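A.B. asks: Structure supplied as target-v2.pdb; contents: PDB, C-alpha atoms.
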```pdb
MODEL        1
ATOM      1  CA  SER A 126     100.515  -0.157   4.811  1.00  0.00           C
ATOM      2  CA  GLN A 127     101.832   3.389   4.491  1.00  0.00           C
ATOM      3  CA  HIS A 128      99.146   4.060   1.849  1.00  0.00           C
ATOM      4  CA  GLU A 129      96.442   2.987   4.335  1.00  0.00           C
ATOM      5  CA  ASN A 130      97.932   5.249   7.015  1.00  0.00           C
ATOM      6  CA  ILE A 131      97.704   8.235   4.672  1.00  0.00           C
ATOM      7  CA  HIS A 132      94.023   7.480   4.037  1.00  0.00           C
ATOM      8  CA  ASP A 133      93.430   7.116   7.793  1.00  0.00           C
ATOM      9  CA  ILE A 134      95.013  10.517   8.446  1.00  0.00           C
ATOM     10  CA  GLU A 135      92.986  12.118   5.653  1.00  0.00           C
ATOM     11  CA  SER A 136      89.824  10.506   7.022  1.00  0.00           C
ATOM     12  CA  MET A 137      90.419  12.083  10.404  1.00  0.00           C
ATOM     13  CA  ALA A 138      91.224  15.518   8.947  1.00  0.00           C
ATOM     14  CA  PHE A 139      88.417  15.955   6.391  1.00  0.00           C
ATOM     15  CA  THR A 140      84.758  16.640   6.968  1.00  0.00           C
ATOM     16  CA  SER A 141      82.119  15.029   4.771  1.00  0.00           C
ATOM     17  CA  ASP A 142      81.763  18.263   2.783  1.00  0.00           C
ATOM     18  CA  GLU A 143      85.522  18.415   2.234  1.00  0.00           C
ATOM     19  CA  PHE A 144      85.548  14.841   0.959  1.00  0.00           C
ATOM     20  CA  LEU A 145      82.686  15.680  -1.380  1.00  0.00           C
ATOM     21  CA  SER A 146      84.441  18.806  -2.642  1.00  0.00           C
ATOM     22  CA  ASN A 147      87.711  16.932  -3.145  1.00  0.00           C
ATOM     23  CA  GLY A 148      85.851  14.159  -4.981  1.00  0.00           C
ATOM     24  CA  LEU A 149      84.188  16.672  -7.285  1.00  0.00           C
ATOM     25  CA  ASP A 150      87.542  18.324  -8.016  1.00  0.00           C
ATOM     26  CA  ASN A 151      89.086  14.968  -8.935  1.00  0.00           C
ATOM     27  CA  ALA A 152      86.105  13.928 -11.054  1.00  0.00           C
ATOM     28  CA  GLU A 153      86.260  17.246 -12.897  1.00  0.00           C
ATOM     29  CA  MET A 154      90.000  16.857 -13.464  1.00  0.00           C
ATOM     30  CA  ALA A 155      89.371  13.417 -15.016  1.00  0.00           C
ATOM     31  CA  SER A 156      87.001  15.053 -17.513  1.00  0.00           C
ATOM     32  CA  LEU A 157      89.457  17.608 -18.852  1.00  0.00           C
ATOM     33  CA  ALA A 158      90.384  17.164 -22.510  1.00  0.00           C
ATOM     34  CA  ASP A 159      94.131  17.514 -21.959  1.00  0.00           C
ATOM     35  CA  VAL A 160      94.392  14.858 -19.227  1.00  0.00           C
ATOM     36  CA  SER A 161      95.851  11.488 -20.212  1.00  0.00           C
ATOM     37  CA  LEU A 162      93.614   8.459 -19.780  1.00  0.00           C
ATOM     38  CA  GLU A 163      95.980   7.065 -17.140  1.00  0.00           C
ATOM     39  CA  SER A 164      95.816  10.325 -15.153  1.00  0.00           C
ATOM     40  CA  ALA A 165      92.034  10.324 -15.517  1.00  0.00           C
ATOM     41  CA  LEU A 166      91.899   6.820 -14.000  1.00  0.00           C
ATOM     42  CA  THR A 167      93.983   7.961 -11.029  1.00  0.00           C
ATOM     43  CA  ALA A 168      91.809  11.037 -10.522  1.00  0.00           C
ATOM     44  CA  LEU A 169      88.655   8.922 -10.678  1.00  0.00           C
ATOM     45  CA  ASP A 170      90.094   6.451  -8.153  1.00  0.00           C
ATOM     46  CA  ARG A 171      90.598   9.378  -5.769  1.00  0.00           C
ATOM     47  CA  ALA A 172      87.138  10.737  -6.551  1.00  0.00           C
ATOM     48  CA  ILE A 173      85.497   7.372  -5.839  1.00  0.00           C
ATOM     49  CA  TRP A 174      87.334   7.082  -2.530  1.00  0.00           C
ATOM     50  CA  CYS A 175      86.355  10.630  -1.534  1.00  0.00           C
ATOM     51  CA  PHE A 176      82.699  10.089  -2.465  1.00  0.00           C
ATOM     52  CA  GLN A 177      82.644   6.870  -0.444  1.00  0.00           C
ATOM     53  CA  GLU A 178      84.185   8.642   2.545  1.00  0.00           C
ATOM     54  CA  ALA A 179      81.586  11.399   2.179  1.00  0.00           C
ATOM     55  CA  GLY A 180      78.834   8.789   2.092  1.00  0.00           C
ATOM     56  CA  ASN A 181      77.650   9.894  -1.350  1.00  0.00           C
ATOM     57  CA  SER A 182      76.762   6.668  -3.161  1.00  0.00           C
ATOM     58  CA  PRO A 183      75.252   8.321  -6.277  1.00  0.00           C
ATOM     59  CA  PHE A 184      78.420  10.315  -6.996  1.00  0.00           C
ATOM     60  CA  ALA A 185      80.582   7.245  -6.292  1.00  0.00           C
ATOM     61  CA  ALA A 186      78.482   5.229  -8.771  1.00  0.00           C
ATOM     62  CA  LYS A 187      78.784   7.948 -11.408  1.00  0.00           C
ATOM     63  CA  ALA A 188      82.569   8.090 -10.934  1.00  0.00           C
ATOM     64  CA  ARG A 189      82.807   4.274 -11.159  1.00  0.00           C
ATOM     65  CA  THR A 190      80.872   4.348 -14.471  1.00  0.00           C
ATOM     66  CA  HIS A 191      83.182   7.066 -15.773  1.00  0.00           C
ATOM     67  CA  ARG A 192      86.205   5.019 -14.646  1.00  0.00           C
ATOM     68  CA  ARG A 193      84.945   1.893 -16.450  1.00  0.00           C
ATOM     69  CA  SER A 194      84.500   3.990 -19.586  1.00  0.00           C
ATOM     70  CA  ILE A 195      88.045   5.365 -19.418  1.00  0.00           C
ATOM     71  CA  GLN A 196      89.354   1.820 -18.915  1.00  0.00           C
ATOM     72  CA  LEU A 197      87.334   0.655 -21.929  1.00  0.00           C
ATOM     73  CA  ARG A 198      88.848   3.425 -24.048  1.00  0.00           C
ATOM     74  CA  LEU A 199      92.343   2.375 -22.934  1.00  0.00           C
ATOM     75  CA  ASP A 200      91.576  -1.265 -23.729  1.00  0.00           C
ATOM     76  CA  LEU A 201      90.170  -0.381 -27.162  1.00  0.00           C
ATOM     77  CA  GLY A 202      93.401   1.355 -28.102  1.00  0.00           C
ATOM     78  CA  SER A 203      95.247  -1.954 -28.081  1.00  0.00           C
ATOM     79  CA  LYS A 204      92.625  -4.206 -29.718  1.00  0.00           C
ATOM     80  CA  CYS A 205      91.932  -2.892 -33.196  1.00  0.00           C
ATOM     81  CA  ASP A 206      94.290  -5.009 -35.299  1.00  0.00           C
ATOM     82  CA  GLY A 207      93.496  -8.592 -36.214  1.00  0.00           C
ATOM     83  CA  MET A 208      90.029  -8.888 -34.707  1.00  0.00           C
ATOM     84  CA  SER A 209      87.502 -11.268 -36.205  1.00  0.00           C
ATOM     85  CA  VAL A 210      83.987 -10.145 -37.097  1.00  0.00           C
ATOM     86  CA  ASN A 211      82.710 -12.064 -34.066  1.00  0.00           C
ATOM     87  CA  ASP A 212      85.219 -10.313 -31.778  1.00  0.00           C
ATOM     88  CA  LYS A 213      84.176  -6.938 -33.151  1.00  0.00           C
ATOM     89  CA  THR A 214      80.511  -7.818 -32.530  1.00  0.00           C
ATOM     90  CA  VAL A 215      81.264  -8.662 -28.893  1.00  0.00           C
ATOM     91  CA  VAL A 216      83.228  -5.414 -28.499  1.00  0.00           C
ATOM     92  CA  GLU A 217      80.394  -3.478 -30.164  1.00  0.00           C
ATOM     93  CA  MET A 218      77.917  -4.915 -27.636  1.00  0.00           C
ATOM     94  CA  GLY A 219      80.182  -3.877 -24.748  1.00  0.00           C
ATOM     95  CA  ILE A 220      80.483  -0.394 -26.218  1.00  0.00           C
ATOM     96  CA  ALA A 221      76.696  -0.125 -26.512  1.00  0.00           C
ATOM     97  CA  GLN A 222      76.249  -1.185 -22.888  1.00  0.00           C
ATOM     98  CA  MET A 223      78.860   1.329 -21.750  1.00  0.00           C
ATOM     99  CA  MET A 224      77.231   4.138 -23.732  1.00  0.00           C
ATOM    100  CA  ALA A 225      73.860   3.288 -22.177  1.00  0.00           C
ATOM    101  CA  SER A 226      75.417   3.414 -18.678  1.00  0.00           C
ATOM    102  CA  LEU A 227      77.030   6.762 -19.445  1.00  0.00           C
ATOM    103  CA  VAL A 228      73.740   8.222 -20.664  1.00  0.00           C
ATOM    104  CA  LYS A 229      72.002   6.946 -17.521  1.00  0.00           C
ATOM    105  CA  GLU A 230      74.608   8.745 -15.397  1.00  0.00           C
ATOM    106  CA  GLY A 231      74.395  11.920 -17.509  1.00  0.00           C
ATOM    107  CA  LEU A 232      78.012  11.665 -18.695  1.00  0.00           C
ATOM    108  CA  LEU A 233      77.282  12.751 -22.258  1.00  0.00           C
ATOM    109  CA  PHE A 234      80.764  14.175 -22.915  1.00  0.00           C
ATOM    110  CA  GLU A 235      82.154  10.701 -22.205  1.00  0.00           C
ATOM    111  CA  VAL A 236      79.637   9.155 -24.617  1.00  0.00           C
ATOM    112  CA  LEU A 237      81.300  11.232 -27.353  1.00  0.00           C
ATOM    113  CA  ASN A 238      84.764  10.121 -26.200  1.00  0.00           C
ATOM    114  CA  VAL A 239      83.743   6.460 -26.247  1.00  0.00           C
ATOM    115  CA  TYR A 240      82.148   6.865 -29.675  1.00  0.00           C
ATOM    116  CA  ARG A 241      85.338   8.382 -31.093  1.00  0.00           C
ATOM    117  CA  SER A 242      87.494   5.644 -29.561  1.00  0.00           C
ATOM    118  CA  ALA A 243      85.083   2.907 -30.642  1.00  0.00           C
ATOM    119  CA  SER A 244      84.570   3.967 -34.269  1.00  0.00           C
ATOM    120  CA  PRO A 245      87.064   1.422 -35.687  1.00  0.00           C
ATOM    121  CA  PHE A 246      85.093  -1.397 -34.032  1.00  0.00           C
ATOM    122  CA  LEU A 247      81.621  -0.332 -35.130  1.00  0.00           C
ATOM    123  CA  SER A 248      79.866  -1.502 -38.252  1.00  0.00           C
ATOM    124  CA  LEU A 249      79.047   1.161 -40.819  1.00  0.00           C
ATOM    125  CA  TYR A 250      75.331   0.777 -40.043  1.00  0.00           C
ATOM    126  CA  THR A 251      75.913   1.237 -36.292  1.00  0.00           C
ATOM    127  CA  LYS A 252      78.098   4.297 -36.855  1.00  0.00           C
ATOM    128  CA  GLU A 253      75.538   5.906 -39.147  1.00  0.00           C
ATOM    129  CA  GLU A 254      72.641   5.193 -36.790  1.00  0.00           C
ATOM    130  CA  LEU A 255      74.516   6.456 -33.726  1.00  0.00           C
ATOM    131  CA  GLU A 256      75.572   9.580 -35.631  1.00  0.00           C
ATOM    132  CA  ARG A 257      72.070  10.289 -36.906  1.00  0.00           C
ATOM    133  CA  ARG A 258      70.038   9.449 -33.812  1.00  0.00           C
ATOM    134  CA  PHE A 259      72.355  10.258 -30.968  1.00  0.00           C
ATOM    135  CA  ILE A 260      75.846  11.672 -31.432  1.00  0.00           C
ATOM    136  CA  SER A 261      74.780  14.649 -33.547  1.00  0.00           C
ATOM    137  CA  LYS A 262      72.214  15.605 -30.865  1.00  0.00           C
ATOM    138  CA  ILE A 263      74.809  15.461 -28.077  1.00  0.00           C
ATOM    139  CA  GLU A 264      77.239  17.527 -30.140  1.00  0.00           C
ATOM    140  CA  PHE A 265      74.472  20.019 -30.938  1.00  0.00           C
ATOM    141  CA  ARG A 266      73.643  20.393 -27.220  1.00  0.00           C
ATOM    142  CA  ALA A 267      77.323  20.808 -26.383  1.00  0.00           C
ATOM    143  CA  ASN A 268      77.724  23.478 -29.070  1.00  0.00           C
ATOM    144  CA  GLU A 269      74.559  25.194 -27.855  1.00  0.00           C
ATOM    145  CA  ARG A 270      76.064  25.443 -24.385  1.00  0.00           C
ATOM    146  CA  ASN A 271      79.487  26.282 -25.807  1.00  0.00           C
ATOM    147  CA  ILE A 272      81.002  23.152 -24.250  1.00  0.00           C
ATOM    148  CA  HIS A 273      83.987  21.623 -25.988  1.00  0.00           C
ATOM    149  CA  CYS A 274      83.859  17.836 -26.034  1.00  0.00           C
TER     150      CYS A 274
ENDMDL
END
```
Kindly return the structure encoded in the file as C-alpha coordinates.
C.D. replies:
Amino acid sequence: SQHENIHDIESMAFTSDEFLSNGLDNAEMASLADVSLESALTALDRAIWCFQEAGNSPFAAKARTHRRSIQLRLDLGSKCDGMSVNDKTVVEMGIAQMMASLVKEGLLFEVLNVYRSASPFLSLYTKEELERRFISKIEFRANERNIHC
(Lines of atoms letter the chains of each structure in order from A and count residues from 1; the text may use other names and numbers.)
(Lines give C-alpha, C1' and ligand atoms only; values in the text may rest on other atoms or scores of the structure.)
Protein backbone atom coordinates (compact mmCIF):
# COMPACT_ATOMS: atom_id res chain seq x y z
CA SER A 1 0.00 0.00 0.00
CA GLN A 2 2.77 2.43 0.91
CA HIS A 3 4.59 1.44 -2.31
CA GLU A 4 1.48 2.38 -4.34
CA ASN A 5 1.24 5.73 -2.53
CA ILE A 6 4.83 6.55 -3.49
CA HIS A 7 4.04 5.81 -7.14
CA ASP A 8 0.89 7.96 -6.92
CA ILE A 9 2.90 10.88 -5.53
CA GLU A 10 5.56 10.47 -8.22
CA SER A 11 2.85 10.31 -10.88
CA MET A 12 1.46 13.64 -9.74
CA ALA A 13 4.90 15.30 -9.55
CA PHE A 14 6.48 14.19 -12.85
CA THR A 15 5.70 15.33 -16.36
CA SER A 16 5.75 12.87 -19.24
CA ASP A 17 9.21 14.11 -20.28
CA GLU A 18 10.51 13.63 -16.74
CA PHE A 19 9.20 10.07 -16.67
CA LEU A 20 10.86 9.42 -20.01
CA SER A 21 14.15 10.90 -18.83
CA ASN A 22 14.03 8.92 -15.58
CA GLY A 23 13.24 5.74 -17.54
CA LEU A 24 16.20 6.32 -19.85
CA ASP A 25 18.50 6.90 -16.87
CA ASN A 26 17.38 3.63 -15.26
CA ALA A 27 17.66 1.68 -18.52
CA GLU A 28 21.17 3.05 -19.03
CA MET A 29 22.14 2.14 -15.47
CA ALA A 30 20.98 -1.45 -16.10
CA SER A 31 23.37 -1.63 -19.07
CA LEU A 32 26.51 -0.68 -17.17
CA ALA A 33 29.14 -3.41 -16.98
CA ASP A 34 29.75 -3.04 -13.24
CA VAL A 35 26.09 -3.36 -12.20
CA SER A 36 24.99 -6.67 -10.69
CA LEU A 37 22.28 -8.58 -12.52
CA GLU A 38 19.93 -8.12 -9.56
CA SER A 39 20.49 -4.34 -9.59
CA ALA A 40 19.95 -4.32 -13.35
CA LEU A 41 16.57 -6.04 -12.87
CA THR A 42 15.53 -3.41 -10.32
CA ALA A 43 16.65 -0.58 -12.60
CA LEU A 44 14.75 -2.09 -15.53
CA ASP A 45 11.61 -2.48 -13.39
CA ARG A 46 11.80 1.25 -12.66
CA ALA A 47 12.51 2.03 -16.31
CA ILE A 48 9.50 0.01 -17.48
CA TRP A 49 7.25 1.77 -14.98
CA CYS A 50 8.55 5.19 -16.03
CA PHE A 51 8.12 4.43 -19.74
CA GLN A 52 4.56 3.25 -19.10
CA GLU A 53 3.79 6.41 -17.14
CA ALA A 54 5.26 8.47 -19.98
CA GLY A 55 3.09 6.59 -22.46
CA ASN A 56 6.09 5.33 -24.42
CA SER A 57 5.21 1.76 -25.38
CA PRO A 58 8.25 1.14 -27.63
CA PHE A 59 10.72 2.00 -24.87
CA ALA A 60 8.71 -0.05 -22.35
CA ALA A 61 8.83 -3.04 -24.73
CA LYS A 62 12.58 -2.65 -25.22
CA ALA A 63 13.12 -2.49 -21.44
CA ARG A 64 10.92 -5.58 -20.93
CA THR A 65 13.01 -7.50 -23.50
CA HIS A 66 16.20 -6.40 -21.75
CA ARG A 67 14.70 -7.46 -18.40
CA ARG A 68 13.79 -10.92 -19.73
CA SER A 69 17.36 -11.28 -20.99
CA ILE A 70 18.86 -10.35 -17.61
CA GLN A 71 16.51 -12.84 -15.93
CA LEU A 72 17.59 -15.52 -18.42
CA ARG A 73 21.24 -14.84 -17.62
CA LEU A 74 20.49 -15.17 -13.89
CA ASP A 75 18.61 -18.42 -14.49
CA LEU A 76 21.42 -19.84 -16.64
CA GLY A 77 23.91 -19.32 -13.83
CA SER A 78 22.19 -21.97 -11.75
CA LYS A 79 21.42 -24.57 -14.45
CA CYS A 80 24.69 -25.73 -15.95
CA ASP A 81 25.41 -28.85 -13.90
CA GLY A 82 23.65 -32.13 -14.56
CA MET A 83 21.60 -31.17 -17.60
CA SER A 84 20.67 -33.78 -20.17
CA VAL A 85 21.30 -33.25 -23.88
CA ASN A 86 17.55 -32.71 -24.33
CA ASP A 87 17.50 -30.08 -21.57
CA LYS A 88 20.44 -28.29 -23.16
CA THR A 89 18.64 -28.32 -26.53
CA VAL A 90 15.56 -26.71 -24.97
CA VAL A 91 17.75 -24.09 -23.25
CA GLU A 92 19.61 -23.47 -26.52
CA MET A 93 16.29 -22.80 -28.30
CA GLY A 94 15.29 -20.32 -25.58
CA ILE A 95 18.65 -18.60 -25.89
CA ALA A 96 18.24 -18.33 -29.67
CA GLN A 97 14.78 -16.80 -29.27
CA MET A 98 16.08 -14.32 -26.70
CA MET A 99 18.99 -13.32 -28.94
CA ALA A 100 16.58 -12.75 -31.83
CA SER A 101 14.39 -10.53 -29.60
CA LEU A 102 17.42 -8.56 -28.48
CA VAL A 103 18.56 -7.99 -32.06
CA LYS A 104 15.04 -6.86 -33.00
CA GLU A 105 15.16 -4.30 -30.17
CA GLY A 106 18.70 -3.19 -31.09
CA LEU A 107 20.19 -4.38 -27.79
CA LEU A 108 23.37 -5.76 -29.32
CA PHE A 109 25.50 -5.32 -26.19
CA GLU A 110 23.06 -7.63 -24.39
CA VAL A 111 23.34 -10.19 -27.20
CA LEU A 112 27.04 -10.44 -26.32
CA ASN A 113 26.22 -10.80 -22.61
CA VAL A 114 23.72 -13.57 -23.31
CA TYR A 115 26.18 -15.33 -25.60
CA ARG A 116 28.87 -15.28 -22.91
CA SER A 117 26.46 -16.56 -20.26
CA ALA A 118 25.01 -19.19 -22.60
CA SER A 119 28.27 -20.65 -23.94
CA PRO A 120 28.24 -23.67 -21.58
CA PHE A 121 24.80 -24.65 -22.92
CA LEU A 122 25.56 -24.30 -26.62
CA SER A 123 26.76 -27.07 -28.87
CA LEU A 124 30.18 -26.60 -30.43
CA TYR A 125 28.57 -26.16 -33.86
CA THR A 126 26.20 -23.45 -32.56
CA LYS A 127 29.03 -21.61 -30.81
CA GLU A 128 31.21 -21.66 -33.91
CA GLU A 129 28.39 -20.51 -36.19
CA LEU A 130 27.31 -17.72 -33.84
CA GLU A 131 30.93 -16.60 -33.47
CA ARG A 132 31.58 -16.63 -37.21
CA ARG A 133 28.32 -15.17 -38.48
CA PHE A 134 27.21 -12.90 -35.70
CA ILE A 135 29.20 -12.34 -32.52
CA SER A 136 32.43 -11.33 -34.25
CA LYS A 137 30.50 -8.71 -36.28
CA ILE A 138 28.89 -7.22 -33.16
CA GLU A 139 32.25 -7.11 -31.40
CA PHE A 140 33.83 -5.52 -34.47
CA ARG A 141 31.13 -2.81 -34.55
CA ALA A 142 31.55 -2.20 -30.82
CA ASN A 143 35.33 -1.89 -31.21
CA GLU A 144 34.84 0.41 -34.19
CA ARG A 145 32.74 2.71 -32.03
CA ASN A 146 35.06 2.22 -29.06
CA ILE A 147 32.24 0.71 -27.00
CA HIS A 148 33.19 -1.77 -24.31
CA CYS A 149 30.80 -4.70 -24.12
A.B. asks: List the residues selected by the PyMOL selection byres ((chain A and resi 192) around 12) in the file shown, writing them as a PyMOL selection string.
C.D. replies: chain A and resi 151-152+155-156+162-173+185-191+193-199+223+226-227+232+235+239
A.B. asks: Using all atoms listed in the file, find the one residue out of A:Gly231, A:Ser248, A:Ser203, A:Tyr240 that sits nearest to Val215 of chain A.
C.D. replies: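 Selected residue with least distance to Val215 of chain A: A:Ser248.
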A.B. asks: Between atom CA of Met208 of chain A and atom CA of Gln222 of chain A, what is the distance, to one decimal in Å?
C.D. replies: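 Calculated distance between atom CA of Met208 of chain A and atom CA of Gln222 of chain A is 19.7 Å.
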A.B. asks: Identify all residues satisfying the PyMOL selection byres ((chain A and resi 178) around 9) in the given file; provide them as a VMD selection string.
C.D. replies: chain A and resid 136 141 144 to 145 173 to 177 179 to 181
A.B. asks: So how many Å separate atom CA of Ala221 of chain A and atom CA of Phe259 of chain A, to one decimal?
C.D. replies: 12.1 Å
A.B. asks: Each residue of segment 203-247 of chain A lying at most 10 Å from segment 261-271 of chain A should get a row with its shortest atom-to-atom pair and the distance in Å to one decimal, counting all atoms listed in the file; could you produce that, ordered by chain and increasing number, as JSON lines?
C.D. replies:
```
{"residue": "A:Leu233", "atom": "CA", "partner": "A:Ile263", "partner_atom": "CA", "distance": 6.9}
{"residue": "A:Phe234", "atom": "CA", "partner": "A:Ile263", "partner_atom": "CA", "distance": 8.0}
{"residue": "A:Val236", "atom": "CA", "partner": "A:Ile263", "partner_atom": "CA", "distance": 8.7}
{"residue": "A:Leu237", "atom": "CA", "partner": "A:Ile263", "partner_atom": "CA", "distance": 7.8}
```
A.B. asks: What's the separation between atom CA of Val228 of chain A and atom CA of Asp200 of chain A, in Å to one decimal place?
C.D. replies: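 Taking atom CA of Val228 of chain A as the start and atom CA of Asp200 of chain A as the end point, the length is 20.4 Å.
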A.B. asks: Quick one: axis-aligned box around all listed atoms of segment 227-242 of chain A, 8 Å on every side, centre and edge lengths in Å to one decimal, written as lines of an AutoDock Vina configuration file.
C.D. replies:
```
center_x = 79.7
center_y = 9.9
center_z = -23.2
size_x = 31.5
size_y = 24.5
size_z = 31.7
```
A.B. asks: Can you turn the PyMOL selection byres ((chain A and resi 252) around 12) into a concrete residue list for this file, as a ChimeraX atom specification?
C.D. replies: /A:217,220-221,240-251,253-261
